[in-house]
Structure formats: structure tokens, C-alpha cells
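**Student:** Have a look at this one before I ask anything.
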Amino acid sequence: MEEVLQKLFDSILDGNATATKENVQAALDANLDPNVILNNGMIDAMRKVGALFEEGEYYVPEMLVAARAMQGGMALLKPHLQQTDKKSSGKVLIGTVKGDLHDIGKNLVALMLEGEGYEIIDLGVDVPAEKFVEVAKEIRPDIVAMSALLTTTMPSMKTTLDALTAAGLRNNTMVIVGGAPVTEAYAQQIEADGFAPDASRAVGMVNRLLVEKSS
Ligand code: B12
């Protein structure tokens with residue numbers, strides 16, 4: 001790995017927010033592709049944090065400071081990841097499902113979709129099914145996007161999907177799901193309209209779904 005990316009990786013692993021910002025800036029100054037900075041320097045670091053947590057090396061506080069460092073770095077990278085000249089091509093209601101507080105992946109999906117020109121309404125984390133339904137009724141989004149990072153909160157996706165169906169909202173709104181433990185098979189099982197394993201493929205999938213919808 002390039003030295004500047006290795007430094008960035010290490011600063012997230014250490015949960016050092018100041019160093020993370022400096023290292024993101026250094027990587028940008030070195031003209032590295034912002035997607036490479038994000039994927040190789042930052043997301044890989046979060047993956048490593050998860051592995052260390054699993055091995056009992058890291059505890060929740062270490063995960064939390066790493067997440068804060070990651071988010072500070074993402075804020076700096078954001079303008080470089082987005083192409084802001086595109087016009088809005090649809091409305092996306094997004095949130096992390098009930099019981100789940102993980103939002104880094106959701107924020108990335110929102111950021112990439114926003115960069116593609118979509119209007120984003122972000123409900124945040126720990127969003128109950130009723131809230132998704134209430135806001136969907138009000139704003140009539142083209143897409144409802146749900147994120148879950150815990151195997152224990154994945155069922156909240158099904159609960160929300162069922163609530164959207166029961167409220168008669170699925171004729172004009174498509175539902176997509178994602179998050180580390182979520183799979184294509186799970187998405188099919190709960191009858192979601194789409195799944196993507198990462199933020200850039202989420203953009204491609206949403207574009208495809210909306211083309212299919214309008215044709
Ligand atoms: C950071 C972190 C935390 C932080 C979260 C801070 C925050 N603001 O998000 C804190 C410290 C709060 C936390 C808490 C906990 N965590 Co945690 N956490 C993580 C960690 C290390 C990184 C997650 C992350 O940000 N990844 C980086 C992002 C970019 O990746 P991502 O979220 O997967 O998102 C990408 C894709 O999945 C996809 N995507 C995401 N959402 C969506 C949505 C749509 C619609 C689409 C299409 C795509 C998509 O695109 C994203 C970008 O490419 C993971 C490890 C891991 N491997 O995931 C554990 C992990 C998820 N946590 C775990 C656990 C156990 C917990 C706790 C229960 C710990 C505890 N004992 O308290 C609590 C639960 C709190 C709660 N109720 O939610 C476990 C989950 C195990 C499981 N299978 O259920 C993991 C896997 C760690 C591990 N290896 O054991 N955690």
C-alpha cells in the first residue's frame with residue numbers, strides 16, 4: 001500500500017481524528033483517487049477494526065473512536081467524491097433500521113446518491129418501521145433505502161418492508177437494502193427490490209431500478 005494510505009489506515013485504527021484528517025488531506029494533495037483513498041485507506045481500516053473487535057483486541061470504545069475518526073475524514077473527502085453538476089433524478093428516503101446505530105455505511109450510500117443527483121431524505125439511525133411509513137406517505141419517495149449492520153436488526157428490514165406494503169406504498173416506491181451482513185439472498189427472501197454490497201454499486205442499482213420503473 002502507498003505510504004500515505006498506510007498512514008491513513010493506521011490513524012483510523014488508532015482512532016486519531018486529527019491525524020486522520022491530516023492524512024486524508026495528504027492523500028488528496030498526493031493526487032490519489034478519492035475512491036481509492038476511501039476504499040483502501042478508510043473502509044479497509046474499519047474492516048480491520050471489526051476484525052480486532054471480533055478477536056477481543058478492541059472493545060466498543062475503540063470502535064467508537066475509530067468511527068469518529070472515519071467520519072471526520074469522510075467529511076473532508078465528501079466534496080471530492082461528489083459530482084454536483086447532475087440534476088435531481090429522484091427522491092430517496094434512507095435510514096438505519098430500528099435497534100441499529102451504525103451509520104457510516106448508510107451515510108456513504110446517501111453521499112454517493114446525492115452526488116448522482118438524487119434528493120436524499122435521511123432519517124438517521126434506529127428508525128422504526130412506523131417512521132419510514134409516516135415519512136414515505138408524506139414525501140412519496142421513489143426509493144426507500146434501509147441499512148443494517150447487525151444480524152439481530154436485519155429482521156427490522158422485513159418488518160419495515162411489510163409495513164410499507166401494508167400501507168399501500170410499494171406500487172410507486174421501491175425498497176432497497178444493504179449493510180455488511182445483508183446478502184442478495186436475504187434481499188430476495190424478504191422481497192426487497194434491490195441489494196448492493198457497497199455504495200458505488202448502490203448508485204448503479206438505483207439508476208437501473210428507476211430506468212426500469214419509468215419504462
Ligand atoms: C464502527 C462500528 C461500530 C460503531 C458504529 C458508529 C457509527 N456511527 O456507525 C459503534 C461503536 C457504535 C458500534 C456498536 C456496536 N457494534 Co459495531 N461495528 C462497527 C464496525 C467496526 C465498522 C462498521 C462500519 O462503519 N464499516 C464501514 C462501512 C463503510 O461499511 P458498511 O457499514 O458495511 O457499509 C457499506 C456496505 O455495507 C453498503 N451499505 C451499507 N448500508 C447500505 C444500505 C443500502 C440500501 C445499500 C444498497 C448498501 C449499504 O455500502 C456501504 C459503503 O460501501 C463493524 C465491523 C464491520 N466489519 O462491519 C462493527 C460491527 C458491525 N459491530 C458489531 C457489534 C457486535 C456491535 C455492538 C453490538 C457491540 C456491543 N457489544 O455493544 C454495538 C451495537 C450498537 C447498535 N445498537 O447498533 C458486529 C456485528 C456482528 C453481527 N454480525 O451482528 C460487527 C460486525 C463487529 C464484529 N466483527 O463483530 N459498532
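By convention here, the chains of the C-alpha cells are called A, B, ... in the order presented, each chain's residues are numbered starting at 1, and ligands are numbered starting at 1 in the order presented.
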Give me, as an MDAnalysis selection string, the set of residues whose atoms come within 7 Å of any atom of ligand 1, counting only C-alpha atoms and all ligand atoms.
**Tutor:** chainID A and resid 43 46:47 49:51 53:54 60:61 63:64 66:67 99:106 108:109 145:152 176:181 195:200 202
**Student:** When DSSP is applied to the backbone of this structure, which of segment 141-212 of chain A are assigned strand (DSSP E or B)? Write them out as a list in words.
**Tutor:**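 Assigned to strand (DSSP E or B), within segment 141-212 of chain A: Ile143, Val144, Ala145, Met146, Ser147, Met174, Val175, Ile176, Val177, Gly178, Gly194 and Phe195 of chain A.
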**Student:** Write out, as a JSON list (two decimals), in the first residue's frame, the residues just selected, with C-alpha atoms.
**Tutor:**
```json
[["chain", "number", "residue", "atom", "x", "y", "z"],
["A", 143, "ILE", "CA", -36.77, 4.60, -3.28],
["A", 144, "VAL", "CA", -36.71, 3.62, 0.38],
["A", 145, "ALA", "CA", -33.19, 2.52, 1.36],
["A", 146, "MET", "CA", -32.55, 0.62, 4.58],
["A", 147, "SER", "CA", -29.24, -0.16, 6.22],
["A", 174, "MET", "CA", -39.05, 0.58, -4.45],
["A", 175, "VAL", "CA", -37.25, -0.75, -1.42],
["A", 176, "ILE", "CA", -33.53, -1.48, -1.35],
["A", 177, "VAL", "CA", -31.43, -2.96, 1.43],
["A", 178, "GLY", "CA", -27.77, -3.20, 2.38],
["A", 194, "GLY", "CA", -32.73, -4.40, -4.71],
["A", 195, "PHE", "CA", -29.50, -5.04, -2.83]]
```
**Student:** Have a look at A:Glu3, A:Asp44, A:Asp142, A:Glu130 and name the one nearest to Gly90 of chain A; count only C-alpha atoms.
**Tutor:**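 Answer, going by the shortest atom-to-atom distance: A:Asp142.
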**Student:** Among segment 95-155 of chain A, which ones does DSSP assign to alpha helix (DSSP H) (computed from the backbone)? Answer as a ChimeraX atom specification.
**Tutor:** /A:104-115,129-139,154-155
**Student:** Quick check, in Å to one decimal: how far apart do atom CA of Ala166 of chain A and atom CA of Val133 of chain A lie?
**Tutor:**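 If I compute the distance from atom CA of Ala166 of chain A to atom CA of Val133 of chain A, I get 9.5 Å.
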**Student:** For atom CA of Val206 of chain A and atom CA of Asn35 of chain A, determine how far apart the two atoms are, in Å to one decimal place.
**Tutor:** 19.2 Å
**Student:** Set the distance at 8 Å and use only C-alpha atoms: which residues neighbour Thr18 of chain A once local chain neighbours fewer than 3 positions away are removed? I'd like the list as a list in words.
**Tutor:** Lys21, Glu22 and Ala69 of chain A
**Student:** Now that the selection is made, can you save its residues with N, CA, C and O atoms as a compact mmCIF listing (two decimals), in the first residue's frame?
**Tutor:**
```txt
# COMPACT_ATOMS: atom_id res chain seq x y z
N LYS A 21 -7.66 13.36 9.61
CA LYS A 21 -7.92 14.49 8.72
C LYS A 21 -6.65 14.90 7.97
O LYS A 21 -6.67 15.14 6.77
N GLU A 22 -5.55 14.99 8.73
CA GLU A 22 -4.28 15.37 8.09
C GLU A 22 -3.89 14.37 7.01
O GLU A 22 -3.43 14.75 5.93
N ALA A 69 -13.14 9.06 13.92
CA ALA A 69 -12.02 9.46 13.05
C ALA A 69 -12.43 9.28 11.58
O ALA A 69 -12.21 10.16 10.74
```
**Student:** Select, from A:Phe9, A:Tyr186, A:Tyr118, A:Tyr58, the residue with the minimum atom-to-atom distance to Lys91 of chain A, counting only C-alpha atoms.
**Tutor:** A:Tyr118
